[in-house]
>>> print(open('upload_18.txt').read())   # compact mmCIF, N, CA and C atoms
# COMPACT_ATOMS: atom_id res chain seq x y z
N MET R 237 9.67 -29.22 -9.14
CA MET R 237 8.77 -28.27 -8.54
C MET R 237 9.09 -26.88 -9.09
N ALA R 238 8.07 -26.21 -9.59
CA ALA R 238 8.25 -24.89 -10.19
C ALA R 238 8.24 -23.82 -9.11
N THR R 239 9.11 -22.84 -9.28
CA THR R 239 9.13 -21.71 -8.35
C THR R 239 8.90 -20.44 -9.14
N SER R 240 8.21 -19.50 -8.53
CA SER R 240 8.02 -18.22 -9.19
C SER R 240 8.87 -17.19 -8.46
N ALA R 241 9.60 -16.44 -9.23
CA ALA R 241 10.48 -15.43 -8.64
C ALA R 241 9.69 -14.18 -8.32
N VAL R 242 9.88 -13.66 -7.13
CA VAL R 242 9.26 -12.42 -6.73
C VAL R 242 10.30 -11.33 -6.90
N SER R 243 9.95 -10.29 -7.63
CA SER R 243 10.89 -9.20 -7.86
C SER R 243 11.10 -8.40 -6.59
N PHE R 244 12.32 -7.90 -6.43
CA PHE R 244 12.60 -7.03 -5.31
C PHE R 244 11.91 -5.70 -5.57
N GLY R 245 11.67 -4.94 -4.54
CA GLY R 245 11.05 -3.63 -4.68
C GLY R 245 12.10 -2.57 -4.92
N ALA R 246 12.12 -2.02 -6.11
CA ALA R 246 13.07 -0.95 -6.43
C ALA R 246 12.77 0.26 -5.55
N LEU R 247 13.81 0.81 -4.93
CA LEU R 247 13.65 1.98 -4.06
C LEU R 247 13.27 3.20 -4.89
N VAL R 248 12.18 3.82 -4.51
CA VAL R 248 11.74 5.02 -5.22
C VAL R 248 11.05 5.94 -4.21
N THR R 249 11.29 7.24 -4.33
CA THR R 249 10.58 8.19 -3.47
C THR R 249 9.25 8.53 -4.14
N LEU R 250 8.29 8.94 -3.34
CA LEU R 250 6.99 9.28 -3.91
C LEU R 250 7.09 10.45 -4.88
N GLU R 251 7.98 11.38 -4.60
CA GLU R 251 8.13 12.54 -5.48
C GLU R 251 8.72 12.16 -6.84
N GLU R 252 9.44 11.03 -6.90
CA GLU R 252 9.99 10.56 -8.18
C GLU R 252 8.97 9.78 -8.99
N LEU R 253 7.91 9.34 -8.35
CA LEU R 253 6.94 8.46 -8.99
C LEU R 253 5.89 9.28 -9.75
N VAL R 254 6.29 9.76 -10.91
CA VAL R 254 5.42 10.55 -11.78
C VAL R 254 5.31 9.84 -13.12
N PRO R 255 4.26 10.13 -13.91
CA PRO R 255 4.08 9.42 -15.18
C PRO R 255 5.29 9.42 -16.12
N SER R 256 6.14 10.45 -16.06
CA SER R 256 7.31 10.49 -16.93
C SER R 256 8.49 9.68 -16.39
N SER R 257 8.36 9.14 -15.20
CA SER R 257 9.43 8.38 -14.55
C SER R 257 9.53 6.97 -15.13
N PRO R 258 10.75 6.42 -15.24
CA PRO R 258 10.90 5.04 -15.75
C PRO R 258 10.29 4.00 -14.81
N GLN R 259 10.13 4.33 -13.53
CA GLN R 259 9.52 3.40 -12.58
C GLN R 259 8.00 3.38 -12.68
N PHE R 260 7.42 4.37 -13.33
CA PHE R 260 5.97 4.48 -13.44
C PHE R 260 5.49 3.58 -14.57
N THR R 261 5.58 2.27 -14.35
CA THR R 261 5.14 1.30 -15.35
C THR R 261 4.25 0.25 -14.69
N GLN R 262 3.30 -0.22 -15.44
CA GLN R 262 2.36 -1.23 -14.96
C GLN R 262 3.12 -2.45 -14.44
N GLY R 263 2.83 -2.85 -13.22
CA GLY R 263 3.43 -4.05 -12.66
C GLY R 263 4.83 -3.88 -12.08
N ALA R 264 5.36 -2.66 -12.11
CA ALA R 264 6.70 -2.43 -11.56
C ALA R 264 6.70 -2.76 -10.07
N SER R 265 7.73 -3.47 -9.63
CA SER R 265 7.87 -3.82 -8.22
C SER R 265 8.65 -2.70 -7.53
N LEU R 266 7.99 -2.04 -6.57
CA LEU R 266 8.57 -0.85 -5.95
C LEU R 266 8.54 -0.92 -4.43
N ARG R 267 9.46 -0.17 -3.81
CA ARG R 267 9.46 0.03 -2.36
C ARG R 267 9.32 1.53 -2.13
N VAL R 268 8.26 1.91 -1.41
CA VAL R 268 7.99 3.32 -1.15
C VAL R 268 7.85 3.55 0.35
N THR R 269 8.14 4.77 0.76
CA THR R 269 8.04 5.14 2.17
C THR R 269 7.26 6.44 2.27
N GLY R 270 6.37 6.52 3.24
CA GLY R 270 5.62 7.75 3.44
C GLY R 270 4.81 7.71 4.72
N LYS R 271 4.28 8.86 5.06
CA LYS R 271 3.45 9.00 6.26
C LYS R 271 2.01 8.67 5.90
N LEU R 272 1.37 7.83 6.71
CA LEU R 272 -0.01 7.44 6.47
C LEU R 272 -0.92 8.63 6.71
N GLN R 273 -1.61 9.04 5.64
CA GLN R 273 -2.49 10.20 5.71
C GLN R 273 -3.95 9.78 5.89
N GLU R 274 -4.35 8.71 5.18
CA GLU R 274 -5.73 8.23 5.24
C GLU R 274 -5.73 6.72 5.17
N TYR R 275 -6.78 6.13 5.74
CA TYR R 275 -6.95 4.68 5.63
C TYR R 275 -8.43 4.36 5.70
N ASP R 276 -8.94 3.68 4.66
CA ASP R 276 -10.33 3.25 4.61
C ASP R 276 -10.36 1.76 4.90
N ILE R 277 -10.84 1.41 6.08
CA ILE R 277 -10.82 0.01 6.51
C ILE R 277 -11.73 -0.86 5.64
N GLU R 278 -12.81 -0.30 5.08
CA GLU R 278 -13.73 -1.08 4.25
C GLU R 278 -13.12 -1.50 2.92
N THR R 279 -12.34 -0.60 2.31
CA THR R 279 -11.73 -0.91 1.02
C THR R 279 -10.28 -1.36 1.16
N ALA R 280 -9.70 -1.20 2.35
CA ALA R 280 -8.30 -1.50 2.64
C ALA R 280 -7.35 -0.65 1.79
N ILE R 281 -7.80 0.57 1.44
CA ILE R 281 -6.98 1.49 0.67
C ILE R 281 -6.42 2.56 1.61
N ALA R 282 -5.11 2.68 1.59
CA ALA R 282 -4.41 3.68 2.40
C ALA R 282 -3.84 4.74 1.46
N SER R 283 -3.53 5.88 2.01
CA SER R 283 -2.87 6.93 1.25
C SER R 283 -1.68 7.40 2.07
N ILE R 284 -0.49 7.37 1.45
CA ILE R 284 0.71 7.85 2.11
C ILE R 284 1.20 9.10 1.40
N VAL R 285 1.90 9.95 2.16
CA VAL R 285 2.43 11.19 1.60
C VAL R 285 3.91 11.33 1.95
N GLU R 286 4.60 12.02 1.06
CA GLU R 286 6.00 12.38 1.28
C GLU R 286 6.21 13.71 0.57
N GLY R 287 6.47 14.74 1.33
CA GLY R 287 6.59 16.08 0.72
C GLY R 287 5.25 16.46 0.10
N ASN R 288 5.28 16.81 -1.19
CA ASN R 288 4.06 17.20 -1.90
C ASN R 288 3.44 16.05 -2.69
N ALA R 289 4.00 14.86 -2.58
CA ALA R 289 3.52 13.71 -3.36
C ALA R 289 2.76 12.73 -2.48
N SER R 290 1.82 12.02 -3.11
CA SER R 290 1.07 11.01 -2.38
C SER R 290 0.86 9.80 -3.27
N LEU R 291 0.52 8.68 -2.65
CA LEU R 291 0.28 7.44 -3.38
C LEU R 291 -0.73 6.61 -2.62
N LYS R 292 -1.65 6.01 -3.36
CA LYS R 292 -2.62 5.10 -2.75
C LYS R 292 -2.00 3.71 -2.65
N ILE R 293 -2.30 3.02 -1.55
CA ILE R 293 -1.76 1.70 -1.29
C ILE R 293 -2.91 0.74 -1.04
N ASP R 294 -2.96 -0.35 -1.80
CA ASP R 294 -3.94 -1.41 -1.58
C ASP R 294 -3.34 -2.36 -0.54
N THR R 295 -3.92 -2.39 0.65
CA THR R 295 -3.36 -3.15 1.76
C THR R 295 -4.14 -4.44 2.05
N GLN R 296 -5.01 -4.86 1.13
CA GLN R 296 -5.89 -5.99 1.43
C GLN R 296 -5.15 -7.30 1.72
N HIS R 297 -3.93 -7.46 1.26
CA HIS R 297 -3.18 -8.70 1.49
C HIS R 297 -2.22 -8.61 2.69
N LEU R 298 -2.30 -7.51 3.44
CA LEU R 298 -1.38 -7.30 4.56
C LEU R 298 -2.05 -7.58 5.89
N LYS R 299 -1.26 -8.01 6.82
CA LYS R 299 -1.71 -8.16 8.21
C LYS R 299 -0.87 -7.20 9.05
N VAL R 300 -1.19 -5.92 8.95
CA VAL R 300 -0.45 -4.90 9.68
C VAL R 300 -1.46 -3.89 10.22
N ASN R 301 -1.26 -3.45 11.45
CA ASN R 301 -2.11 -2.42 12.04
C ASN R 301 -1.61 -1.07 11.59
N LEU R 302 -2.47 -0.32 10.93
CA LEU R 302 -2.08 0.99 10.41
C LEU R 302 -2.61 2.10 11.31
N HIS R 303 -1.75 3.11 11.52
CA HIS R 303 -2.10 4.24 12.37
C HIS R 303 -1.84 5.53 11.61
N ILE R 304 -2.87 6.36 11.48
CA ILE R 304 -2.73 7.65 10.79
C ILE R 304 -1.60 8.44 11.45
N GLY R 305 -0.74 9.03 10.61
CA GLY R 305 0.36 9.85 11.11
C GLY R 305 1.66 9.09 11.29
N SER R 306 1.60 7.75 11.24
CA SER R 306 2.82 6.96 11.37
C SER R 306 3.50 6.81 10.01
N LEU R 307 4.78 6.50 10.06
CA LEU R 307 5.59 6.32 8.86
C LEU R 307 5.62 4.85 8.48
N TYR R 308 5.36 4.55 7.19
CA TYR R 308 5.31 3.17 6.71
C TYR R 308 6.15 3.01 5.46
N GLN R 309 6.59 1.78 5.27
CA GLN R 309 7.30 1.40 4.04
C GLN R 309 6.54 0.22 3.46
N PHE R 310 6.25 0.29 2.16
CA PHE R 310 5.51 -0.76 1.48
C PHE R 310 6.29 -1.26 0.28
N ILE R 311 6.20 -2.55 0.03
CA ILE R 311 6.76 -3.16 -1.18
C ILE R 311 5.61 -3.83 -1.91
N GLY R 312 5.51 -3.57 -3.19
CA GLY R 312 4.43 -4.17 -3.96
C GLY R 312 4.53 -3.81 -5.43
N GLU R 313 3.46 -4.13 -6.14
CA GLU R 313 3.42 -3.90 -7.58
C GLU R 313 2.53 -2.70 -7.90
N LEU R 314 3.00 -1.88 -8.83
CA LEU R 314 2.29 -0.67 -9.22
C LEU R 314 1.22 -1.02 -10.25
N LEU R 315 0.01 -0.58 -9.98
CA LEU R 315 -1.10 -0.74 -10.91
C LEU R 315 -1.51 0.65 -11.38
N ILE R 316 -1.64 0.83 -12.68
CA ILE R 316 -1.97 2.13 -13.25
C ILE R 316 -3.26 2.00 -14.03
N ASP R 317 -4.25 2.84 -13.69
CA ASP R 317 -5.53 2.77 -14.40
C ASP R 317 -5.46 3.62 -15.68
N PRO R 318 -6.47 3.53 -16.54
CA PRO R 318 -6.43 4.27 -17.82
C PRO R 318 -6.29 5.79 -17.66
N SER R 319 -6.68 6.33 -16.51
CA SER R 319 -6.55 7.78 -16.32
C SER R 319 -5.20 8.15 -15.70
N ASN R 320 -4.25 7.20 -15.70
CA ASN R 320 -2.89 7.40 -15.20
C ASN R 320 -2.82 7.57 -13.68
N GLN R 321 -3.83 7.09 -12.96
CA GLN R 321 -3.79 7.09 -11.50
C GLN R 321 -3.15 5.80 -11.05
N ALA R 322 -2.21 5.90 -10.11
CA ALA R 322 -1.45 4.74 -9.67
C ALA R 322 -1.88 4.30 -8.27
N ILE R 323 -1.80 2.99 -8.05
CA ILE R 323 -2.02 2.41 -6.74
C ILE R 323 -1.01 1.27 -6.58
N LEU R 324 -0.42 1.18 -5.43
CA LEU R 324 0.54 0.11 -5.17
C LEU R 324 -0.18 -1.03 -4.46
N ARG R 325 -0.19 -2.21 -5.09
CA ARG R 325 -0.78 -3.39 -4.45
C ARG R 325 0.30 -3.99 -3.56
N ALA R 326 0.23 -3.68 -2.27
CA ALA R 326 1.30 -4.03 -1.33
C ALA R 326 1.28 -5.51 -0.99
N ARG R 327 2.48 -6.10 -0.96
CA ARG R 327 2.64 -7.47 -0.48
C ARG R 327 3.42 -7.50 0.83
N VAL R 328 4.09 -6.38 1.14
CA VAL R 328 4.81 -6.22 2.40
C VAL R 328 4.56 -4.80 2.90
N GLY R 329 4.33 -4.68 4.19
CA GLY R 329 4.17 -3.37 4.79
C GLY R 329 4.73 -3.39 6.20
N ARG R 330 5.41 -2.32 6.57
CA ARG R 330 5.96 -2.26 7.92
C ARG R 330 5.99 -0.83 8.41
N ASN R 331 5.85 -0.70 9.72
CA ASN R 331 5.92 0.59 10.36
C ASN R 331 7.40 0.94 10.52
N VAL R 332 7.77 2.15 10.09
CA VAL R 332 9.16 2.58 10.21
C VAL R 332 9.25 3.91 10.97
N ASP R 333 8.32 4.08 11.94
CA ASP R 333 8.43 5.26 12.81
C ASP R 333 9.83 5.28 13.42
N GLY R 334 10.40 6.42 13.51
CA GLY R 334 11.75 6.54 14.05
C GLY R 334 12.81 6.60 12.98
N MET R 335 12.45 6.25 11.74
CA MET R 335 13.42 6.34 10.64
C MET R 335 13.72 7.82 10.37
N ASP R 336 14.98 8.14 10.25
CA ASP R 336 15.40 9.49 9.91
C ASP R 336 15.28 9.62 8.39
N LEU R 337 14.24 10.33 7.93
CA LEU R 337 14.00 10.42 6.48
C LEU R 337 15.10 11.17 5.75
N ASN R 338 15.70 12.16 6.38
CA ASN R 338 16.80 12.88 5.72
C ASN R 338 17.97 11.93 5.49
N LEU R 339 18.32 11.14 6.49
CA LEU R 339 19.40 10.17 6.36
C LEU R 339 19.03 9.09 5.34
N TYR R 340 17.77 8.67 5.33
CA TYR R 340 17.29 7.68 4.36
C TYR R 340 17.48 8.20 2.94
N HIS R 341 17.09 9.46 2.70
CA HIS R 341 17.24 10.03 1.35
C HIS R 341 18.71 10.19 0.97
N GLN R 342 19.56 10.55 1.94
CA GLN R 342 21.00 10.65 1.66
C GLN R 342 21.56 9.29 1.28
N SER R 343 21.18 8.25 2.01
CA SER R 343 21.69 6.91 1.71
C SER R 343 21.18 6.43 0.37
N LEU R 344 19.96 6.80 0.02
CA LEU R 344 19.41 6.43 -1.29
C LEU R 344 20.21 7.08 -2.41
N GLN R 345 20.59 8.34 -2.24
CA GLN R 345 21.41 9.03 -3.25
C GLN R 345 22.79 8.38 -3.36
N LEU R 346 23.39 8.03 -2.23
CA LEU R 346 24.69 7.36 -2.25
C LEU R 346 24.60 5.99 -2.94
N LEU R 347 23.54 5.25 -2.65
CA LEU R 347 23.34 3.95 -3.28
C LEU R 347 23.21 4.10 -4.78
N ARG R 348 22.44 5.06 -5.22
CA ARG R 348 22.26 5.28 -6.67
C ARG R 348 23.57 5.69 -7.33
N GLY R 349 24.36 6.51 -6.65
CA GLY R 349 25.66 6.89 -7.19
C GLY R 349 26.58 5.70 -7.32
N PHE R 350 26.59 4.84 -6.30
CA PHE R 350 27.40 3.62 -6.33
C PHE R 350 26.95 2.70 -7.46
N GLN R 351 25.64 2.52 -7.59
CA GLN R 351 25.12 1.64 -8.65
C GLN R 351 25.46 2.18 -10.04
N ALA R 352 25.38 3.49 -10.22
CA ALA R 352 25.74 4.09 -11.51
C ALA R 352 27.21 3.89 -11.80
N GLU R 353 28.05 4.03 -10.76
CA GLU R 353 29.49 3.81 -10.90
C GLU R 353 29.77 2.37 -11.33
N GLN R 354 29.09 1.43 -10.70
CA GLN R 354 29.27 0.00 -11.02
C GLN R 354 28.83 -0.30 -12.44
N MET R 355 27.73 0.31 -12.87
CA MET R 355 27.25 0.10 -14.24
C MET R 355 28.25 0.65 -15.25
N ASN R 356 28.83 1.82 -14.94
CA ASN R 356 29.80 2.44 -15.85
C ASN R 356 31.08 1.60 -15.92
N SER R 357 31.50 1.04 -14.79
CA SER R 357 32.75 0.26 -14.79
C SER R 357 32.57 -1.10 -15.47
N THR R 358 31.37 -1.65 -15.46
CA THR R 358 31.15 -2.94 -16.13
C THR R 358 30.95 -2.78 -17.63
N THR R 359 30.53 -1.59 -18.07
CA THR R 359 30.35 -1.36 -19.51
C THR R 359 31.61 -0.82 -20.16
N SER R 360 32.59 -0.45 -19.36
CA SER R 360 33.85 0.11 -19.91
C SER R 360 34.84 -0.98 -20.16
>>> encode(input="upload_18.txt", output="structure tokens")
Amino acid sequence: MATSAVSFGALVTLEELVPSSPQFTQGASLRVTGKLQEYDIETAIASIVEGNASLKIDTQHLKVNLHIGSLYQFIGELLIDPSNQAILRARVGRNVDGMDLNLYHQSLQLLRGFQAEQMNSTTS
């Protein structure tokens, strides 16, 4: 029986997700967090924001109730159109109201530092 591996969602902040970023690639599996700013129920397209950055989320495969102003985390694949506009086709979505975003960003920086340390020690 054949199995298909699903990639984990690489942690990325919306402000890091710019065309010059290494994560800004077609089909990249990403995990993003942001406040729900807009949601079009007809197209199932949501828009989340974090700081000055925003990202569109295709939620058509999710069974989650979305509320404007709530904090959400999505895992999915990044789709980039020819005009360099990105949309995340979400396969997982969850409400994370109550998450301390400052603490989340601090832990993300610590995780990245640890991972860089591990990469340096394995290549040495």
>>> select_by_dssp(input="upload_18.txt", residues="range 246-355 of chain R", states="helix (DSSP H, G or I)", output="PyMOL selection string")
chain R and resi 250-252+337-355
>>> write_last_selection(input="upload_18.txt", atoms="N, CA and C atoms", output="CSV table (one decimal), in the frame of the given file")
chain,number,residue,atom,x,y,z
R,250,LEU,N,8.3,8.9,-3.3
R,250,LEU,CA,7.0,9.3,-3.9
R,250,LEU,C,7.1,10.4,-4.9
R,251,GLU,N,8.0,11.4,-4.6
R,251,GLU,CA,8.1,12.5,-5.5
R,251,GLU,C,8.7,12.2,-6.8
R,252,GLU,N,9.4,11.0,-6.9
R,252,GLU,CA,10.0,10.6,-8.2
R,252,GLU,C,9.0,9.8,-9.0
R,337,LEU,N,14.2,10.3,7.9
R,337,LEU,CA,14.0,10.4,6.5
R,337,LEU,C,15.1,11.2,5.8
R,338,ASN,N,15.7,12.2,6.4
R,338,ASN,CA,16.8,12.9,5.7
R,338,ASN,C,18.0,11.9,5.5
R,339,LEU,N,18.3,11.1,6.5
R,339,LEU,CA,19.4,10.2,6.4
R,339,LEU,C,19.0,9.1,5.3
R,340,TYR,N,17.8,8.7,5.3
R,340,TYR,CA,17.3,7.7,4.4
R,340,TYR,C,17.5,8.2,2.9
R,341,HIS,N,17.1,9.5,2.7
R,341,HIS,CA,17.2,10.0,1.4
R,341,HIS,C,18.7,10.2,1.0
R,342,GLN,N,19.6,10.6,1.9
R,342,GLN,CA,21.0,10.6,1.7
R,342,GLN,C,21.6,9.3,1.3
R,343,SER,N,21.2,8.2,2.0
R,343,SER,CA,21.7,6.9,1.7
R,343,SER,C,21.2,6.4,0.4
R,344,LEU,N,20.0,6.8,0.0
R,344,LEU,CA,19.4,6.4,-1.3
R,344,LEU,C,20.2,7.1,-2.4
R,345,GLN,N,20.6,8.3,-2.2
R,345,GLN,CA,21.4,9.0,-3.2
R,345,GLN,C,22.8,8.4,-3.4
R,346,LEU,N,23.4,8.0,-2.2
R,346,LEU,CA,24.7,7.4,-2.2
R,346,LEU,C,24.6,6.0,-2.9
R,347,LEU,N,23.5,5.2,-2.6
R,347,LEU,CA,23.3,4.0,-3.3
R,347,LEU,C,23.2,4.1,-4.8
R,348,ARG,N,22.4,5.1,-5.2
R,348,ARG,CA,22.3,5.3,-6.7
R,348,ARG,C,23.6,5.7,-7.3
R,349,GLY,N,24.4,6.5,-6.6
R,349,GLY,CA,25.7,6.9,-7.2
R,349,GLY,C,26.6,5.7,-7.3
R,350,PHE,N,26.6,4.8,-6.3
R,350,PHE,CA,27.4,3.6,-6.3
R,350,PHE,C,27.0,2.7,-7.5
R,351,GLN,N,25.6,2.5,-7.6
R,351,GLN,CA,25.1,1.6,-8.6
R,351,GLN,C,25.5,2.2,-10.0
R,352,ALA,N,25.4,3.5,-10.2
R,352,ALA,CA,25.7,4.1,-11.5
R,352,ALA,C,27.2,3.9,-11.8
R,353,GLU,N,28.0,4.0,-10.8
R,353,GLU,CA,29.5,3.8,-10.9
R,353,GLU,C,29.8,2.4,-11.3
R,354,GLN,N,29.1,1.4,-10.7
R,354,GLN,CA,29.3,0.0,-11.0
R,354,GLN,C,28.8,-0.3,-12.4
R,355,MET,N,27.7,0.3,-12.9
R,355,MET,CA,27.2,0.1,-14.2
R,355,MET,C,28.2,0.6,-15.2
>>> closest_residue(input="upload_18.txt", among="R:Thr249, R:Leu315, R:Pro258, R:His297", to="Ile284 in chain R", atoms="only C-alpha atoms")
R:Thr249
>>> atom_distance(input="upload_18.txt", atom1="CA of Ser319 in chain R", atom2="CA of Ser290 in chain R")
16.2 Å
>>> select_by_dssp(input="upload_18.txt", residues="chain R", states="strand (DSSP E or B)", output="VMD selection string")
chain R and resid 246 to 247 265 to 276 281 to 286 289 to 294 307 to 316 322 to 331
>>> write_last_selection(input="upload_18.txt", atoms="N, CA and C atoms", output="CSV table (one decimal), in the frame of the given file")
chain,number,residue,atom,x,y,z
R,246,ALA,N,12.1,-2.0,-6.1
R,246,ALA,CA,13.1,-1.0,-6.4
R,246,ALA,C,12.8,0.3,-5.6
R,247,LEU,N,13.8,0.8,-4.9
R,247,LEU,CA,13.6,2.0,-4.1
R,247,LEU,C,13.3,3.2,-4.9
R,265,SER,N,7.7,-3.5,-9.6
R,265,SER,CA,7.9,-3.8,-8.2
R,265,SER,C,8.6,-2.7,-7.5
R,266,LEU,N,8.0,-2.0,-6.6
R,266,LEU,CA,8.6,-0.8,-6.0
R,266,LEU,C,8.5,-0.9,-4.4
R,267,ARG,N,9.5,-0.2,-3.8
R,267,ARG,CA,9.5,0.0,-2.4
R,267,ARG,C,9.3,1.5,-2.1
R,268,VAL,N,8.3,1.9,-1.4
R,268,VAL,CA,8.0,3.3,-1.2
R,268,VAL,C,7.8,3.6,0.4
R,269,THR,N,8.1,4.8,0.8
R,269,THR,CA,8.0,5.1,2.2
R,269,THR,C,7.3,6.4,2.3
R,270,GLY,N,6.4,6.5,3.2
R,270,GLY,CA,5.6,7.8,3.4
R,270,GLY,C,4.8,7.7,4.7
R,271,LYS,N,4.3,8.9,5.1
R,271,LYS,CA,3.4,9.0,6.3
R,271,LYS,C,2.0,8.7,5.9
R,272,LEU,N,1.4,7.8,6.7
R,272,LEU,CA,0.0,7.4,6.5
R,272,LEU,C,-0.9,8.6,6.7
R,273,GLN,N,-1.6,9.0,5.6
R,273,GLN,CA,-2.5,10.2,5.7
R,273,GLN,C,-4.0,9.8,5.9
R,274,GLU,N,-4.4,8.7,5.2
R,274,GLU,CA,-5.7,8.2,5.2
R,274,GLU,C,-5.7,6.7,5.2
R,275,TYR,N,-6.8,6.1,5.7
R,275,TYR,CA,-7.0,4.7,5.6
R,275,TYR,C,-8.4,4.4,5.7
R,276,ASP,N,-8.9,3.7,4.7
R,276,ASP,CA,-10.3,3.2,4.6
R,276,ASP,C,-10.4,1.8,4.9
R,281,ILE,N,-7.8,0.6,1.4
R,281,ILE,CA,-7.0,1.5,0.7
R,281,ILE,C,-6.4,2.6,1.6
R,282,ALA,N,-5.1,2.7,1.6
R,282,ALA,CA,-4.4,3.7,2.4
R,282,ALA,C,-3.8,4.7,1.5
R,283,SER,N,-3.5,5.9,2.0
R,283,SER,CA,-2.9,6.9,1.2
R,283,SER,C,-1.7,7.4,2.1
R,284,ILE,N,-0.5,7.4,1.4
R,284,ILE,CA,0.7,7.8,2.1
R,284,ILE,C,1.2,9.1,1.4
R,285,VAL,N,1.9,10.0,2.2
R,285,VAL,CA,2.4,11.2,1.6
R,285,VAL,C,3.9,11.3,2.0
R,286,GLU,N,4.6,12.0,1.1
R,286,GLU,CA,6.0,12.4,1.3
R,286,GLU,C,6.2,13.7,0.6
R,289,ALA,N,4.0,14.9,-2.6
R,289,ALA,CA,3.5,13.7,-3.4
R,289,ALA,C,2.8,12.7,-2.5
R,290,SER,N,1.8,12.0,-3.1
R,290,SER,CA,1.1,11.0,-2.4
R,290,SER,C,0.9,9.8,-3.3
R,291,LEU,N,0.5,8.7,-2.6
R,291,LEU,CA,0.3,7.4,-3.4
R,291,LEU,C,-0.7,6.6,-2.6
R,292,LYS,N,-1.6,6.0,-3.4
R,292,LYS,CA,-2.6,5.1,-2.8
R,292,LYS,C,-2.0,3.7,-2.6
R,293,ILE,N,-2.3,3.0,-1.6
R,293,ILE,CA,-1.8,1.7,-1.3
R,293,ILE,C,-2.9,0.7,-1.0
R,294,ASP,N,-3.0,-0.4,-1.8
R,294,ASP,CA,-3.9,-1.4,-1.6
R,294,ASP,C,-3.3,-2.4,-0.5
R,307,LEU,N,4.8,6.5,10.1
R,307,LEU,CA,5.6,6.3,8.9
R,307,LEU,C,5.6,4.8,8.5
R,308,TYR,N,5.4,4.6,7.2
R,308,TYR,CA,5.3,3.2,6.7
R,308,TYR,C,6.2,3.0,5.5
R,309,GLN,N,6.6,1.8,5.3
R,309,GLN,CA,7.3,1.4,4.0
R,309,GLN,C,6.5,0.2,3.5
R,310,PHE,N,6.2,0.3,2.2
R,310,PHE,CA,5.5,-0.8,1.5
R,310,PHE,C,6.3,-1.3,0.3
R,311,ILE,N,6.2,-2.6,0.0
R,311,ILE,CA,6.8,-3.2,-1.2
R,311,ILE,C,5.6,-3.8,-1.9
R,312,GLY,N,5.5,-3.6,-3.2
R,312,GLY,CA,4.4,-4.2,-4.0
R,312,GLY,C,4.5,-3.8,-5.4
R,313,GLU,N,3.5,-4.1,-6.1
R,313,GLU,CA,3.4,-3.9,-7.6
R,313,GLU,C,2.5,-2.7,-7.9
R,314,LEU,N,3.0,-1.9,-8.8
R,314,LEU,CA,2.3,-0.7,-9.2
R,314,LEU,C,1.2,-1.0,-10.2
R,315,LEU,N,0.0,-0.6,-10.0
R,315,LEU,CA,-1.1,-0.7,-10.9
R,315,LEU,C,-1.5,0.6,-11.4
R,316,ILE,N,-1.6,0.8,-12.7
R,316,ILE,CA,-2.0,2.1,-13.2
R,316,ILE,C,-3.3,2.0,-14.0
R,322,ALA,N,-2.2,5.9,-10.1
R,322,ALA,CA,-1.4,4.7,-9.7
R,322,ALA,C,-1.9,4.3,-8.3
R,323,ILE,N,-1.8,3.0,-8.0
R,323,ILE,CA,-2.0,2.4,-6.7
R,323,ILE,C,-1.0,1.3,-6.6
R,324,LEU,N,-0.4,1.2,-5.4
R,324,LEU,CA,0.5,0.1,-5.2
R,324,LEU,C,-0.2,-1.0,-4.5
R,325,ARG,N,-0.2,-2.2,-5.1
R,325,ARG,CA,-0.8,-3.4,-4.4
R,325,ARG,C,0.3,-4.0,-3.6
R,326,ALA,N,0.2,-3.7,-2.3
R,326,ALA,CA,1.3,-4.0,-1.3
R,326,ALA,C,1.3,-5.5,-1.0
R,327,ARG,N,2.5,-6.1,-1.0
R,327,ARG,CA,2.6,-7.5,-0.5
R,327,ARG,C,3.4,-7.5,0.8
R,328,VAL,N,4.1,-6.4,1.1
R,328,VAL,CA,4.8,-6.2,2.4
R,328,VAL,C,4.6,-4.8,2.9
R,329,GLY,N,4.3,-4.7,4.2
R,329,GLY,CA,4.2,-3.4,4.8
R,329,GLY,C,4.7,-3.4,6.2
R,330,ARG,N,5.4,-2.3,6.6
R,330,ARG,CA,6.0,-2.3,7.9
R,330,ARG,C,6.0,-0.8,8.4
R,331,ASN,N,5.8,-0.7,9.7
R,331,ASN,CA,5.9,0.6,10.4
R,331,ASN,C,7.4,0.9,10.5
>>> closest_residue(input="upload_18.txt", among="R:Val242, R:Leu266, R:Asp333, R:Arg327", to="Ile304 in chain R", atoms="only C-alpha atoms")
R:Asp333
>>> atom_distance(input="upload_18.txt", atom1="atom N of Leu339 in chain R", atom2="CA of Glu286 in chain R")
13.4 Å
>>> residues_around(input="upload_18.txt", residues="Ile316 in chain R", least_positions_apart="6", cutoff="8 Å", atoms="only C-alpha atoms", output="number ranges by chain")
R: 261-262, 322-323
>>> atom_distance(input="upload_18.txt", atom1="atom C of Leu250 in chain R", atom2="CA of Ser265 in chain R")
14.7 Å
>>> closest_residue(input="upload_18.txt", among="R:Ser257, R:Met335, R:Ala289, R:Phe350", to="Gln309 in chain R", atoms="only C-alpha atoms")
R:Met335
>>> decode(input="upload_18.txt", residues="range 308-319 of chain R", atoms="C-alpha atoms", output="compact mmCIF listing (two decimals), in the first residue's frame")
# COMPACT_ATOMS: atom_id res chain seq x y z
CA TYR R 308 -5.96 31.79 13.66
CA GLN R 309 -3.13 29.49 12.70
CA PHE R 310 -3.17 27.76 9.31
CA ILE R 311 -1.02 25.03 7.80
CA GLY R 312 -1.05 24.56 4.06
CA GLU R 313 0.69 24.94 0.74
CA LEU R 314 1.64 28.29 -0.75
CA LEU R 315 0.32 29.03 -4.23
CA ILE R 316 1.86 31.94 -6.13
CA ASP R 317 0.21 33.43 -9.21
CA PRO R 318 2.15 34.99 -12.13
CA SER R 319 1.81 38.46 -10.58
